[in-house]
Every structure is written in structure tokens, then in C-alpha cells.
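Since the structure comes first, as C-alpha cells, the remarks are kept for the end.
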Amino acid sequence: MSDALLTLEIEKLVAGGLGLARDESGVVLVRGALPGEQVTARVRAGKGVRQGQTVEVLRRSPQRVDGPDLPTADLAHATYEAQLDFKRAFVQEALSRIAKVQHGVAATVPSPEAWGYRNTAQYLVTPGGLAYRERRGSDPLVVQKDPLVMPQIQAVMDRIDPTLLDPATEVAFRASRLTGEVVAAVIGAGETRQYLRASDHLMEAGVVGVSLAQPAGKRFSAGVRLIAGESEIREQFGRVQVSVSATGFAQVNPQAAGLAYERAAELAGSGEHAVDLYGGAGAIGRHLAPNFRRVTVLDAAPEALARGRQDVAVSGESNVTFRSGDAARFSELGTDVIVVDPPRAGLEEGAREHINSSTADRLVYVSCDPATWARDVGDLVRRGWKLAEVIPHDFYPQTSHVEIVSVLNR
């Protein structure tokens with residue numbers, strides 16, 4: 001089956017930042033196109049919905065800009081205002097198509113920075129330089145300048161000679177906007193002593209600490225060891241400070257995430273007891289602490305819980321408790337408000353059951369995936385919950401990803 005070059009009219013943008021077009025054979029989803037444009041696209045033949053890539057723009061949208069060609073930046077060819085509108089539409093569409101709920105969606109809250117916002121990045125180490133890991137079916141893309149990462153990370157990258165990182169196969173960075181510091185992790189098999197040269201080179205390039213992570217199917221699940229310096233740095237998310245590392249989970253855009261956490265706390269209101277499910281190191285849970293007598297943060301990741309306990313010991317929040325457990329099996333009596341920020345897969349069936357049978361009369365649902373969020377919202381609405389505010393937040397400018405802060409009441 002060979003690729004075909006087709007001239008297509010783009011009707012609208014759908015999830016994933018793809019332009020939807022139709023021809024006599026059905027729907028085509030085109031990367032790199034905008035609504036109202038006429039494009040020539042290289043389209044792969046195949047069953048079901050065909051996918052294509054824009055080759056030439058024949059009629060240009062007024063919303064089009066010239067953006068960098070990065071595999072992760074699938075909306076960089078649209079103005080930032082247009083990106084915010086598209087993201088709101090993705091949420092609206094998921095709500096009506098998947099949840100089968102007709103409900104208003106607020107305007108997308110913009111990220112304070114549209115470029116240079118990412119506090120973390122992970123690259124392949126290649127002889128030609130650091131390179132993007134994900135590229136659709138092609139060779140790694142060597143990146144000299146990454147316009148998405150914070151300037152502190154770029155400054156370290158500018159000083160790196162990739163040949164001195166051997167035998168590492170990848171390198172990950174985490175920067176702090178609060179302190180300006182950067183920590184790194186080299187990823188590779190073997191013992192820490194084999195990475196002393198790489199570690200020295202990274203420290204000379206300006207990082208304050210280097211860890212070694214063994215390669216693993218699930219990122220950083222095979223153990224992490226400190227080689228030199230610090231393993232963690234401090235970062236500000238909204239009203240709280242947290243410790244972050246090159247290998248632990250934390251939001252990549254602290255300023256934008258902070259705005260969403262403050263909004264989530266506002267929507268949670270006040271009461272006796274709030275539970276933060278999938279709470280990680282407690283960045284959202286700690287935002288709830290001033291308005292509740294006690295807050296329970298539940299998560300299954302020991303690393304995140306340990307960081308959370310350490311953070312509240314420093315900040316002195318005595319009403320926040322961290323518990324290890326599965327969201328689908330939490331049984332906490334006397335809960336006024338539940339906050340959830342689940343992974344991309346959304347809430348498991350068991351977690352929805354527990355939320356529904358809990359004493360909570362309010363659920364604040366923070367999500368990074370409109371489709372699974374809409375599925376869960378539809379289910380809860382059918383169980384008698386009522387959807388109130390729905391506010392998209394932009395944590396990932398120049399990409400099609402959107403975060404949602406929403407609230408459901410009984």
C-alpha cells in the first residue's frame with residue numbers, strides 16, 4: 001500500500017491536534033493543518049480512519065504561524081490565542097460526544113509562559129548530540145535548541161559534549177524556576193562507577209546533582225542511585241513548595257500547574273475532611289489544608305509519599321496525612337470533599353464506585369485527558385452527580401494536550 005497525495009479541505013481540529021477532512025473514501029485526519037485550510041497531504045492507505053501529514057498549505061488560515069518542527073509540538077503552527085480556543089473545543093467535544101452531557105466550558109486559562117516553560121526534558125544521547133526520543137517512524141532528531149524547555153536547561157545543554165556522557169543512552173533534566181538549579185539523571189545499564197566521567201561532565205556543565213537510573217519499560221521503575229551532589233531541588237507550585245527530582249513525577253509547567261491547584265482548592269471549598277486521591281507528593285492536597293480540619297493524601301507510589309511527608313515536615317502543615325493505598329480501594333469515612341487527579345487512564349471502575357458510596361458531596365476532578373475525564377463524568381452524572389464548573393488549563397503550550405479542572409456536586 002503506497003501513500004497518496006490528496007488535496008483536502010480541513011473542517012475542524014480534533015483531539016491530538018489533527019485536522020479533520022473528508023473525501024469520497026471517508027474521514028482523513030491530517031497532522032499540521034488548521035480549520036478552514038486547503039492542504040496537500042501525504043495520506044497512508046489503510047482500513048478505518050486514514051491519517052496524513054500536511055505537505056503544502058494551499059490556502060492558509062489567518063491563525064497559522066511559522067512554528068518550529070518539533071515532534072512534541074503538534075500545535076506550534078497556530079497562534080497561541082487559537083491554541084487556547086482549540087483546547088476549549090476539545091473539552092466541549094468530549095463532553096457532548098463521550099459523556100453525552102450538554103454543559104458550558106469556560107475559556108482556557110493560558111500558561112503564564114507560552115515558550116521556555118518545561119522544567120523537565122529527557123533526550124537520547126547520540127554521537128551527533130542530544131536528540132528527541134519520539135519521532136514517528138524516523139531517526140532521532142538532534143536538538144541544538146529546544147524552545148519548550150526552561151532557559152536553565154538550555155544553558156546546561158549548550159555546554160554538553162555528548163561523547164563525554166558515554167555509556168549513558170539517555171539523559172533527563174529537571175530545573176527549578178524557584179531556585180534556578182538543575183538536577184540530571186543519566187540512564188544506562190551498569191554500575192555508578194562507570195558513569196563518574198559523565199557525572200563530572202554534567203556537574204561542570206552546571207547541574208547541582210546527578211543520579212543514575214537503570215533502563216526500564218516503565219520510566220525510572222528499575223531503581224535510581226545518586227552519583228554526585230543533590231538528588232532533589234525545591235520548586236514552587238501555587239502556594240506550596242515541593243521537592244522535585246530528575247526522575248520523580250511532578251508537573252512540567254509549575255506556574256500553570258500552580259494556577260490550576262489554586263483553582264481546585266477554591267472549588268473544593270471548606271469543611272472537616274478532604275481526601276486527595278492519586279495525590280502524589282500532595283501538591284493539591286496541601287492547597288486544601290488551610291480550609292479543612294484535616295486532609296488525607298492517598299497514593300500508591302512510595303517515592304511520592306516520602307517526598308510529600310518530607311515537604312510537610314519542612315512546611316509545618318500538621319493537618320496533612322499521607323497514606324499508601326489504591327484509589328479503587330480507599331475506604332475513608334466522614335469525607336466532605338474528594339479531589340482526584342488520576343493518570344491518563346482516568347478513574348478505575350472501583351474508584352468511581354467508592355466515590356459514589358462515600359459521604360462526600362463534592363468531587364473536584366482534575367484531568368489530563370478529556371476522553372477519560374468525559375467517560376467518568378458521564379458515569380457520575382448518570383449516578384446522580386451534577387456537573388458544575390469546567391475550566392480547561394493550558395500546561396503544555398504549543399501542543400494539543402489540555403488539563404481540566406472541574407467540580408461535581410451531589
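Just so we're on the same page: first chain in the C-alpha cells is A, next is B, and so on; residues restart at 1 for each chain, and ligands are numbered from 1 in the order they show up.
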
- Message: Give me, as a PyMOL selection string, all polymer residues having an atom no more than 7 Å from A:Asp341, counting only C-alpha atoms and skipping those fewer than 4 positions away in the same chain.
- Response: chain A and resi 277-279+365-367

- Task: Extract the full set of strand (DSSP E) residues from stretch 84-231 of chain A according to DSSP on the backbone, and format it as a ChimeraX atom specification.
- Result: /A:120-126,129-132,141-142,170-175,182-187,209-213,224-229

Hey, can you spit out that residue selection with N, CA and C atoms as a tab-separated table (two decimals), in the first residue's frame?
chain	number	residue	atom	x	y	z
A	120	THR	N	11.32	20.07	32.76
A	120	THR	CA	11.93	18.75	32.64
A	120	THR	C	12.02	18.35	31.18
A	121	ALA	N	13.04	17.56	30.86
A	121	ALA	CA	13.22	17.08	29.50
A	121	ALA	C	14.07	15.83	29.54
A	122	GLN	N	13.84	14.93	28.60
A	122	GLN	CA	14.63	13.70	28.51
A	122	GLN	C	15.03	13.49	27.06
A	123	TYR	N	16.32	13.27	26.84
A	123	TYR	CA	16.84	13.15	25.47
A	123	TYR	C	17.66	11.89	25.31
A	124	LEU	N	17.69	11.37	24.07
A	124	LEU	CA	18.63	10.32	23.71
A	124	LEU	C	20.02	10.93	23.60
A	125	VAL	N	21.03	10.16	24.00
A	125	VAL	CA	22.41	10.59	23.81
A	125	VAL	C	22.89	9.95	22.51
A	126	THR	N	23.15	10.76	21.48
A	126	THR	CA	23.64	10.23	20.19
A	126	THR	C	24.98	10.90	19.87
A	129	GLY	N	24.70	14.52	19.08
A	129	GLY	CA	24.16	15.45	20.07
A	129	GLY	C	22.97	14.84	20.79
A	130	LEU	N	22.36	15.62	21.70
A	130	LEU	CA	21.15	15.16	22.39
A	130	LEU	C	20.00	15.20	21.39
A	131	ALA	N	19.13	14.19	21.46
A	131	ALA	CA	18.09	14.07	20.43
A	131	ALA	C	16.75	13.72	21.05
A	132	TYR	N	15.67	14.14	20.36
A	132	TYR	CA	14.32	13.77	20.79
A	132	TYR	C	14.14	12.27	20.68
A	141	LEU	N	15.82	12.97	16.25
A	141	LEU	CA	16.02	14.34	15.78
A	141	LEU	C	16.95	15.06	16.76
A	142	VAL	N	18.16	15.36	16.31
A	142	VAL	CA	19.12	16.05	17.17
A	142	VAL	C	18.60	17.46	17.44
A	170	GLU	N	20.58	7.74	27.62
A	170	GLU	CA	19.68	8.90	27.67
A	170	GLU	C	20.08	9.77	28.85
A	171	VAL	N	19.60	11.03	28.83
A	171	VAL	CA	19.83	11.93	29.96
A	171	VAL	C	18.53	12.70	30.22
A	172	ALA	N	18.20	12.87	31.50
A	172	ALA	CA	16.99	13.61	31.89
A	172	ALA	C	17.39	14.78	32.78
A	173	PHE	N	16.68	15.89	32.62
A	173	PHE	CA	16.94	17.09	33.42
A	173	PHE	C	15.68	17.53	34.14
A	174	ARG	N	15.85	18.16	35.31
A	174	ARG	CA	14.74	18.86	35.97
A	174	ARG	C	15.30	20.19	36.49
A	175	ALA	N	14.62	21.28	36.13
A	175	ALA	CA	15.05	22.61	36.58
A	175	ALA	C	14.04	23.17	37.56
A	182	VAL	N	19.43	23.06	38.44
A	182	VAL	CA	19.08	21.94	37.56
A	182	VAL	C	19.70	20.66	38.13
A	183	VAL	N	18.91	19.57	38.19
A	183	VAL	CA	19.47	18.25	38.50
A	183	VAL	C	19.32	17.38	37.25
A	184	ALA	N	20.21	16.36	37.16
A	184	ALA	CA	20.20	15.50	35.97
A	184	ALA	C	20.20	14.04	36.40
A	185	ALA	N	19.74	13.17	35.49
A	185	ALA	CA	19.87	11.73	35.68
A	185	ALA	C	20.38	11.14	34.36
A	186	VAL	N	21.42	10.31	34.46
A	186	VAL	CA	21.85	9.56	33.28
A	186	VAL	C	21.14	8.22	33.31
A	187	ILE	N	20.77	7.71	32.14
A	187	ILE	CA	20.03	6.46	32.06
A	187	ILE	C	20.91	5.48	31.30
A	209	GLY	N	23.37	18.16	40.75
A	209	GLY	CA	23.35	16.76	41.18
A	209	GLY	C	23.10	15.84	40.00
A	210	VAL	N	23.65	14.62	40.09
A	210	VAL	CA	23.49	13.63	39.02
A	210	VAL	C	23.11	12.29	39.64
A	211	SER	N	22.05	11.66	39.12
A	211	SER	CA	21.64	10.32	39.54
A	211	SER	C	21.79	9.36	38.37
A	212	LEU	N	21.80	8.06	38.68
A	212	LEU	CA	21.84	7.02	37.64
A	212	LEU	C	20.55	6.22	37.72
A	213	ALA	N	19.86	6.11	36.59
A	213	ALA	CA	18.64	5.30	36.51
A	213	ALA	C	18.88	4.14	35.55
A	224	VAL	N	16.89	4.08	41.15
A	224	VAL	CA	17.67	5.29	40.88
A	224	VAL	C	18.69	5.45	42.00
A	225	ARG	N	19.95	5.71	41.63
A	225	ARG	CA	21.00	5.92	42.64
A	225	ARG	C	21.69	7.25	42.41
A	226	LEU	N	22.00	7.93	43.49
A	226	LEU	CA	22.68	9.23	43.39
A	226	LEU	C	24.17	9.00	43.15
A	227	ILE	N	24.73	9.70	42.15
A	227	ILE	CA	26.17	9.60	41.89
A	227	ILE	C	26.90	10.77	42.56
A	228	ALA	N	26.36	11.97	42.38
A	228	ALA	CA	27.05	13.15	42.94
A	228	ALA	C	26.04	14.26	43.22
A	229	GLY	N	26.36	15.09	44.23
A	229	GLY	CA	25.56	16.30	44.51
A	229	GLY	C	24.19	15.98	45.07

- Which of these, A:Pro215, A:Gly26, A:Gly271, A:Pro302, has the shortest distance to A:Pro290 once you count only C-alpha atoms?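 Using only C-alpha atoms, A:Pro290 sits closest to A:Gly271.
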
- Write out as a ChimeraX atom specification which residues come within 7 Å of A:Leu288 when counting only C-alpha atoms, dropping same-chain ones fewer than 4 positions away. /A:265,284,292

- Select from stretch 144-298 of chain A everything DSSP, run on the backbone, classes as alpha helix (DSSP H), then give the selection as JSON, numbers by chain. {"A": [151, 152, 153, 154, 155, 156, 157, 158, 196, 197, 198, 199, 200, 201, 202, 203, 204, 254, 255, 256, 257, 258, 259, 260, 261, 262, 263, 264, 265, 266, 267, 268, 283, 284, 285, 286, 287, 288]}

- If we count only C-alpha atoms, what is near A:Pro167 at a cut-off of 9 Å, once residues fewer than 5 positions away on the same chain are taken out, given as a PyMOL selection string? chain A and resi 187-190+194-195+198

- Item | Non-local contacts of stretch 318-332 of chain A (7 Å; only C-alpha atoms; under 4 positions in same chain excluded) as a ChimeraX atom specification | /A:277-278,286,289,293-300,305,309,348,350-351,354

Filtering to all heavy atoms, could you give me those residues as a tab-separated table (two decimals), in the first residue's frame?
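Saved result, part19.tsv, follows:
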chain	number	residue	atom	x	y	z
A	277	LEU	N	-7.16	11.86	46.25
A	277	LEU	CA	-6.83	10.55	45.67
A	277	LEU	C	-5.84	10.73	44.53
A	277	LEU	O	-5.90	11.72	43.82
A	277	LEU	CB	-8.08	9.87	45.12
A	277	LEU	CG	-9.18	9.50	46.12
A	277	LEU	CD1	-10.30	8.76	45.39
A	277	LEU	CD2	-8.63	8.65	47.23
A	278	TYR	N	-4.98	9.74	44.33
A	278	TYR	CA	-3.88	9.84	43.34
A	278	TYR	C	-3.07	11.10	43.67
A	278	TYR	O	-2.66	11.85	42.80
A	278	TYR	CB	-4.40	9.96	41.90
A	278	TYR	CG	-5.43	8.93	41.49
A	278	TYR	CD1	-6.79	9.20	41.64
A	278	TYR	CD2	-5.06	7.71	40.92
A	278	TYR	CE1	-7.75	8.26	41.25
A	278	TYR	CE2	-6.02	6.79	40.53
A	278	TYR	CZ	-7.36	7.06	40.70
A	278	TYR	OH	-8.31	6.15	40.31
A	286	ARG	N	-2.10	19.82	49.73
A	286	ARG	CA	-1.59	20.88	50.61
A	286	ARG	C	-2.27	22.22	50.33
A	286	ARG	O	-2.34	23.07	51.22
A	286	ARG	CB	-0.07	20.97	50.49
A	286	ARG	CG	0.63	19.77	51.12
A	286	ARG	CD	2.10	19.75	50.83
A	286	ARG	NE	2.75	20.95	51.33
A	286	ARG	CZ	3.89	21.43	50.83
A	286	ARG	NH1	4.49	20.82	49.83
A	286	ARG	NH2	4.43	22.52	51.35
A	289	ALA	N	-5.27	22.31	52.62
A	289	ALA	CA	-5.02	22.28	54.07
A	289	ALA	C	-5.55	23.49	54.83
A	289	ALA	O	-6.10	23.33	55.93
A	289	ALA	CB	-3.53	22.07	54.33
A	293	ARG	N	-10.15	20.83	58.26
A	293	ARG	CA	-9.52	20.49	59.54
A	293	ARG	C	-8.44	19.44	59.33
A	293	ARG	O	-7.39	19.47	59.94
A	293	ARG	CB	-10.57	20.00	60.53
A	293	ARG	CG	-10.14	20.18	61.99
A	293	ARG	CD	-11.31	19.99	62.95
A	293	ARG	NE	-11.84	18.63	62.86
A	293	ARG	CZ	-11.28	17.57	63.46
A	293	ARG	NH1	-10.18	17.71	64.18
A	293	ARG	NH2	-11.81	16.38	63.33
A	294	ARG	N	-8.74	18.48	58.41
A	294	ARG	CA	-7.68	17.54	58.05
A	294	ARG	C	-7.78	17.14	56.58
A	294	ARG	O	-8.86	17.18	55.98
A	294	ARG	CB	-7.68	16.30	58.96
A	294	ARG	CG	-8.93	15.48	58.91
A	294	ARG	CD	-8.97	14.49	60.07
A	294	ARG	NE	-10.18	13.67	60.00
A	294	ARG	CZ	-10.19	12.41	59.55
A	294	ARG	NH1	-9.09	11.82	59.15
A	294	ARG	NH2	-11.33	11.73	59.52
A	295	VAL	N	-6.62	16.77	56.03
A	295	VAL	CA	-6.53	16.37	54.62
A	295	VAL	C	-5.77	15.05	54.57
A	295	VAL	O	-4.71	14.90	55.20
A	295	VAL	CB	-5.77	17.43	53.79
A	295	VAL	CG1	-5.58	16.96	52.35
A	295	VAL	CG2	-6.51	18.77	53.81
A	296	THR	N	-6.32	14.07	53.84
A	296	THR	CA	-5.63	12.79	53.64
A	296	THR	C	-5.20	12.70	52.18
A	296	THR	O	-6.04	12.85	51.28
A	296	THR	CB	-6.56	11.60	53.97
A	296	THR	OG1	-7.05	11.75	55.31
A	296	THR	CG2	-5.83	10.28	53.84
A	297	VAL	N	-3.91	12.49	51.96
A	297	VAL	CA	-3.37	12.31	50.60
A	297	VAL	C	-3.10	10.83	50.41
A	297	VAL	O	-2.36	10.22	51.18
A	297	VAL	CB	-2.06	13.12	50.40
A	297	VAL	CG1	-1.48	12.86	49.02
A	297	VAL	CG2	-2.31	14.61	50.61
A	298	LEU	N	-3.73	10.23	49.39
A	298	LEU	CA	-3.58	8.79	49.14
A	298	LEU	C	-2.87	8.59	47.81
A	298	LEU	O	-3.22	9.21	46.80
A	298	LEU	CB	-4.96	8.14	49.08
A	298	LEU	CG	-4.97	6.61	49.02
A	298	LEU	CD1	-4.93	6.05	50.45
A	298	LEU	CD2	-6.21	6.09	48.32
A	299	ASP	N	-1.85	7.74	47.78
A	299	ASP	CA	-1.17	7.42	46.53
A	299	ASP	C	-0.52	6.04	46.66
A	299	ASP	O	-0.29	5.56	47.77
A	299	ASP	CB	-0.10	8.47	46.19
A	299	ASP	CG	0.26	8.45	44.70
A	299	ASP	OD1	-0.39	9.17	43.92
A	299	ASP	OD2	1.17	7.68	44.32
A	300	ALA	N	-0.23	5.43	45.50
A	300	ALA	CA	0.39	4.10	45.53
A	300	ALA	C	1.90	4.17	45.35
A	300	ALA	O	2.57	3.15	45.45
A	300	ALA	CB	-0.24	3.24	44.43
A	305	LEU	N	5.06	9.64	48.13
A	305	LEU	CA	4.60	9.79	49.53
A	305	LEU	C	5.74	10.23	50.44
A	305	LEU	O	5.57	11.08	51.31
A	305	LEU	CB	3.98	8.49	50.03
A	305	LEU	CG	2.67	8.06	49.34
A	305	LEU	CD1	2.31	6.63	49.71
A	305	LEU	CD2	1.52	9.00	49.71
A	309	ARG	N	5.78	13.64	52.65
A	309	ARG	CA	5.95	13.67	54.12
A	309	ARG	C	7.12	14.59	54.50
A	309	ARG	O	7.04	15.35	55.47
A	309	ARG	CB	6.21	12.25	54.64
A	309	ARG	CG	4.99	11.36	54.59
A	309	ARG	CD	5.21	10.03	55.29
A	309	ARG	NE	4.03	9.19	55.16
A	309	ARG	CZ	3.96	8.11	54.38
A	309	ARG	NH1	5.01	7.72	53.67
A	309	ARG	NH2	2.85	7.41	54.31
A	348	GLU	N	-10.56	4.26	37.76
A	348	GLU	CA	-11.00	2.87	37.57
A	348	GLU	C	-12.44	2.75	38.04
A	348	GLU	O	-12.91	3.54	38.85
A	348	GLU	CB	-10.15	1.89	38.39
A	348	GLU	CG	-8.67	1.96	38.20
A	348	GLU	CD	-7.98	2.71	39.32
A	348	GLU	OE1	-8.34	3.86	39.62
A	348	GLU	OE2	-7.05	2.13	39.90
A	350	GLY	N	-13.69	0.75	40.12
A	350	GLY	CA	-13.74	0.64	41.59
A	350	GLY	C	-13.66	1.99	42.28
A	350	GLY	O	-14.32	2.22	43.29
A	351	ALA	N	-12.84	2.87	41.73
A	351	ALA	CA	-12.70	4.21	42.33
A	351	ALA	C	-14.00	5.00	42.18
A	351	ALA	O	-14.43	5.69	43.10
A	351	ALA	CB	-11.53	4.96	41.67
A	354	HIS	N	-16.42	3.74	44.77
A	354	HIS	CA	-16.08	4.23	46.11
A	354	HIS	C	-16.46	5.70	46.29
A	354	HIS	O	-16.96	6.09	47.33
A	354	HIS	CB	-14.59	4.04	46.38
A	354	HIS	CG	-14.29	2.73	47.02
A	354	HIS	ND1	-14.74	2.40	48.28
A	354	HIS	CD2	-13.60	1.66	46.58
A	354	HIS	CE1	-14.33	1.17	48.57
A	354	HIS	NE2	-13.65	0.70	47.56

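In this comparison, which uses only C-alpha atoms, the residue of A:Ile10, A:Ala76, A:Ile98, A:Val105 approaching A:Ser61 most closely is A:Ile10.
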
- For stretch 389-393 of chain A: contacts at 6 Å, only C-alpha atoms, fewer than 6 positions along chain excluded, given as a list in words: Val105, Ala106, Thr108, Val109, Glu403, Ile404, Val405, Ser406 and Val407 of chain A

Since we have the selection now, will you write its residues out, keeping N, CA, C and O atoms, as a PDB file, in the first residue's frame?
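Now in again-v2.pdb:
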ATOM      1  N   VAL A 105     -18.380  25.178  28.930  1.00  0.00           N
ATOM      2  CA  VAL A 105     -16.958  25.040  29.276  1.00  0.00           C
ATOM      3  C   VAL A 105     -16.351  26.437  29.284  1.00  0.00           C
ATOM      4  O   VAL A 105     -16.540  27.203  28.335  1.00  0.00           O
ATOM      5  N   ALA A 106     -15.642  26.770  30.355  1.00  0.00           N
ATOM      6  CA  ALA A 106     -15.030  28.107  30.467  1.00  0.00           C
ATOM      7  C   ALA A 106     -13.901  28.267  29.447  1.00  0.00           C
ATOM      8  O   ALA A 106     -13.427  27.285  28.861  1.00  0.00           O
ATOM      9  N   THR A 108     -10.163  28.649  28.149  1.00  0.00           N
ATOM     10  CA  THR A 108      -8.929  28.007  28.632  1.00  0.00           C
ATOM     11  C   THR A 108      -8.051  29.023  29.362  1.00  0.00           C
ATOM     12  O   THR A 108      -7.795  30.114  28.846  1.00  0.00           O
ATOM     13  N   VAL A 109      -7.598  28.648  30.561  1.00  0.00           N
ATOM     14  CA  VAL A 109      -6.685  29.512  31.323  1.00  0.00           C
ATOM     15  C   VAL A 109      -5.298  29.378  30.693  1.00  0.00           C
ATOM     16  O   VAL A 109      -4.746  28.273  30.628  1.00  0.00           O
ATOM     17  N   GLU A 403      -5.319  20.296  30.199  1.00  0.00           N
ATOM     18  CA  GLU A 403      -5.712  19.860  31.540  1.00  0.00           C
ATOM     19  C   GLU A 403      -7.102  20.426  31.828  1.00  0.00           C
ATOM     20  O   GLU A 403      -7.460  21.491  31.302  1.00  0.00           O
ATOM     21  N   ILE A 404      -7.841  19.731  32.686  1.00  0.00           N
ATOM     22  CA  ILE A 404      -9.199  20.183  33.029  1.00  0.00           C
ATOM     23  C   ILE A 404      -9.321  20.246  34.547  1.00  0.00           C
ATOM     24  O   ILE A 404      -8.925  19.293  35.229  1.00  0.00           O
ATOM     25  N   VAL A 405      -9.860  21.343  35.061  1.00  0.00           N
ATOM     26  CA  VAL A 405     -10.240  21.412  36.465  1.00  0.00           C
ATOM     27  C   VAL A 405     -11.763  21.507  36.490  1.00  0.00           C
ATOM     28  O   VAL A 405     -12.336  22.406  35.856  1.00  0.00           O
ATOM     29  N   SER A 406     -12.403  20.564  37.171  1.00  0.00           N
ATOM     30  CA  SER A 406     -13.878  20.538  37.145  1.00  0.00           C
ATOM     31  C   SER A 406     -14.403  20.160  38.524  1.00  0.00           C
ATOM     32  O   SER A 406     -13.661  19.639  39.356  1.00  0.00           O
ATOM     33  N   VAL A 407     -15.686  20.413  38.731  1.00  0.00           N
ATOM     34  CA  VAL A 407     -16.287  20.060  40.018  1.00  0.00           C
ATOM     35  C   VAL A 407     -17.664  19.428  39.787  1.00  0.00           C
ATOM     36  O   VAL A 407     -18.413  19.874  38.912  1.00  0.00           O
TER      37      VAL A 407
END

- Query: How many Å lie between atom CA of A:His401 and atom CA of A:Ala301, rounded to one decimal?
  - Reply: 24.2 Å

- Query: Nearest to A:Tyr396: which of A:Gly206, A:Gly104, A:Pro112, A:Gly285 is it, counting only C-alpha atoms?
  - Reply: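 Checking each of A:Gly206, A:Gly104, A:Pro112, A:Gly285 against A:Tyr396, counting only C-alpha atoms, the winner is A:Pro112.
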